[in-house]
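Asker: Here you go, one structure.
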Amino acid sequence: MKKAKKIFAWLHLWVGLTVGLIFSIAAATGAILVFEEELDPLLYPSLYYAQSNNDAYQLPLSIDSLYNLALQYAKGAAINSLVIREKTNHQEAVFFQTRGDRLTRHLFSINPYTGKLQQDIKGKQHLFTFSEELHRQLLMGKTGKVITGICCLSYLVILITGLFLWWPKNSKILRQRLKIKWDAKFKRVNWDLHAVAGFYSLPILFLIAFTGLTWSYKWFNNGIFFIFDGKGPQKELIHSGENKSQQKGSLEQIYSQTQRLLPYSSDVTLYFPEDAINLVRVSKEQHHASIANVVDQLFFDRNTGELVKKELYATRSKGMKVRRLIFPIHTGSLYGLPTKLLAFLSCLIGTSLPITGFIIWLKRKNKKKNSKIKKQVHNHYEIVN
């Protein structure tokens, strides 16, 4: 038992010192991203809401007209997606994203009544896009993705070894390890913040790190489908039929059909895949569902506006439904505000754990160093005398 504890302590220390800084960055950016949905409209209202329209009888421009205006505003960049937001008490702007990586793509909105550009910012200027890139790739591209993947695996080791080291020998020690002694000296408070706060946040942090492997490793992502479907993820080629000249109002027709086939209230997102120029993929999330990320998808011919295929959530495989759960579990959005608060607090604690752990190590190292110096001085004094 003592030998196992020694090995676990060594792993916990040195793996923690190696990836601690990276995990603090990942946890801090994760905490920022938890409330992206709530904070983004407050920080960037022009991306969401149209400026007031003086003419109460003016009708909005067609989606096709707005798309053509977006191509002009994008200045040669291809449009990746557009979002037509759910109707509320506000006048909603139509949101567009260009193709490209997270930091260089443009995010902009157009007033659907006037056709005017309301706001245009690059991904690197957008707090949550920048945070996501830092969270996933450390602003280092593919190299950063490899590093964060290794960090995810390493953090699982840190959490498991940390629980083993925390485990108390008796009930008296258990009571001490379940509460923070705020009136103690800094050394004890710091230790409690590391051990006690770490224990309470461990289940959430473990789930976050574990689900994070989905985006880092294909074998993990594919494993979900093998476990629940008995086979890997199935990619079906969707053909849009013959190449035909684009009909006027095809996007408007696609939007109307989407609202008829999926009549519930929610944002409608149109994607324009780079590898299938004649297809439009439409995504709509069921906000009335008991869990998050329940999404229906429709595929349309870009030129004619005709429906090509349905991919409704109810008809998806078990593997795909479980895969859909990964994102809301990872972000804390699974059951709305309660789980978001748990994820946010756990991420804040996760940010602090490498710092408090480093302080514990540093103080022990200095203590050993001072003890060694005192011993050397004592031995020298005895020799002299």
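Just so we're on the same page: first chain in the structure tokens is A, next is B, and so on; residues restart at 1 for each chain, and ligands are numbered from 1 in the order they show up.
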What are the DSSP alpha helix (DSSP H) residues of range 74-303 of chain A, as a ChimeraX atom specification?

Answerer: /A:127-137,141-166,171-176,186-216,218-229,250-261

Asker: Can you pull out the residues contacting Gly336 in chain A? Cut-off 10 Å, using only C-alpha atoms, and skip same-chain residues under 4 positions away; I want them as a PyMOL selection string.

Answerer: chain A and resi 290-292+328+332+340-341

Asker: Which residues are near Gln91 in chain A? Cut-off 9 Å, only C-alpha atoms, ignore same chain within fewer than 2 positions. Put them as a PyMOL selection string.

Answerer: chain A and resi 48-53+87-89+93+111-112

Asker: Write the residues you've just listed into a file as a tab-separated table (two decimals), in the first residue's frame, and include N, CA, C and O atoms for each of them.

Answerer:
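Saved the output as selection.tsv:
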```
chain	number	residue	atom	x	y	z
A	48	TYR	N	-26.86	40.21	-32.99
A	48	TYR	CA	-28.12	39.50	-32.71
A	48	TYR	C	-29.36	40.31	-33.06
A	48	TYR	O	-30.34	39.76	-33.57
A	49	TYR	N	-29.33	41.60	-32.76
A	49	TYR	CA	-30.55	42.40	-32.88
A	49	TYR	C	-30.40	43.46	-33.97
A	49	TYR	O	-29.36	44.13	-34.07
A	50	ALA	N	-31.45	43.61	-34.75
A	50	ALA	CA	-31.45	44.62	-35.81
A	50	ALA	C	-31.71	45.99	-35.20
A	50	ALA	O	-32.48	46.13	-34.24
A	51	GLN	N	-31.05	46.98	-35.74
A	51	GLN	CA	-31.29	48.35	-35.29
A	51	GLN	C	-32.71	48.74	-35.63
A	51	GLN	O	-33.28	48.28	-36.63
A	52	SER	N	-33.31	49.60	-34.79
A	52	SER	CA	-34.73	49.92	-34.91
A	52	SER	C	-35.07	50.43	-36.31
A	52	SER	O	-34.32	51.20	-36.92
A	53	ASN	N	-36.19	49.98	-36.79
A	53	ASN	CA	-36.66	50.34	-38.13
A	53	ASN	C	-37.79	51.37	-38.00
A	53	ASN	O	-38.82	51.10	-37.39
A	87	LYS	N	-37.96	34.02	-33.58
A	87	LYS	CA	-38.70	35.28	-33.39
A	87	LYS	C	-38.91	35.58	-31.91
A	87	LYS	O	-39.36	34.73	-31.15
A	88	THR	N	-38.54	36.79	-31.50
A	88	THR	CA	-38.73	37.24	-30.11
A	88	THR	C	-39.39	38.62	-30.15
A	88	THR	O	-39.89	39.05	-31.19
A	89	ASN	N	-39.36	39.31	-29.02
A	89	ASN	CA	-39.91	40.66	-28.96
A	89	ASN	C	-39.00	41.67	-29.66
A	89	ASN	O	-39.39	42.82	-29.87
A	93	ALA	N	-31.34	40.36	-36.14
A	93	ALA	CA	-30.46	40.49	-37.29
A	93	ALA	C	-30.18	39.09	-37.84
A	93	ALA	O	-30.34	38.09	-37.15
A	111	ASN	N	-28.91	43.80	-41.17
A	111	ASN	CA	-30.28	44.19	-40.83
A	111	ASN	C	-31.22	43.66	-41.92
A	111	ASN	O	-31.07	44.00	-43.09
A	112	PRO	N	-32.16	42.78	-41.56
A	112	PRO	CA	-33.00	42.15	-42.59
A	112	PRO	C	-33.99	43.10	-43.25
A	112	PRO	O	-34.58	42.76	-44.28
```

Asker: Counting only C-alpha atoms, which residues in range 133-232 of chain A sit no more than 12 Å from range 27-39 of chain A? For each one, give the nearest pair of atoms and the distance in Å, sorted by chain then residue number, as a Markdown table.

Answerer:
```
| residue | atom | partner | partner_atom | distance |
| --- | --- | --- | --- | --- |
| A:Glu133 | CA | A:Thr29 | CA | 9.3 |
| A:Leu134 | CA | A:Thr29 | CA | 7.3 |
| A:His135 | CA | A:Thr29 | CA | 5.7 |
| A:Arg136 | CA | A:Thr29 | CA | 9.4 |
| A:Gln137 | CA | A:Thr29 | CA | 11.5 |
| A:Leu138 | CA | A:Thr29 | CA | 10.3 |
| A:Thr148 | CA | A:Ala27 | CA | 11.4 |
| A:Cys151 | CA | A:Ala27 | CA | 11.4 |
| A:Cys152 | CA | A:Ala27 | CA | 11.0 |
| A:Tyr155 | CA | A:Ala27 | CA | 11.3 |
| A:Ile204 | CA | A:Ala27 | CA | 11.8 |
| A:Leu205 | CA | A:Ala27 | CA | 9.1 |
| A:Ile208 | CA | A:Gly30 | CA | 9.5 |
| A:Ala209 | CA | A:Ala27 | CA | 9.8 |
| A:Gly212 | CA | A:Gly30 | CA | 11.0 |
```

Asker: Find the distance between CA of Thr269 in chain A and CA of Asp296 in chain A and write it in Å to one decimal.

Answerer: 10.9 Å

Asker: Expressed in Å to a single decimal, how great is the separation between CA of Arg85 in chain A and CA of Leu103 in chain A?

Answerer: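 Here the two named atoms are 23.5 Å from each other.
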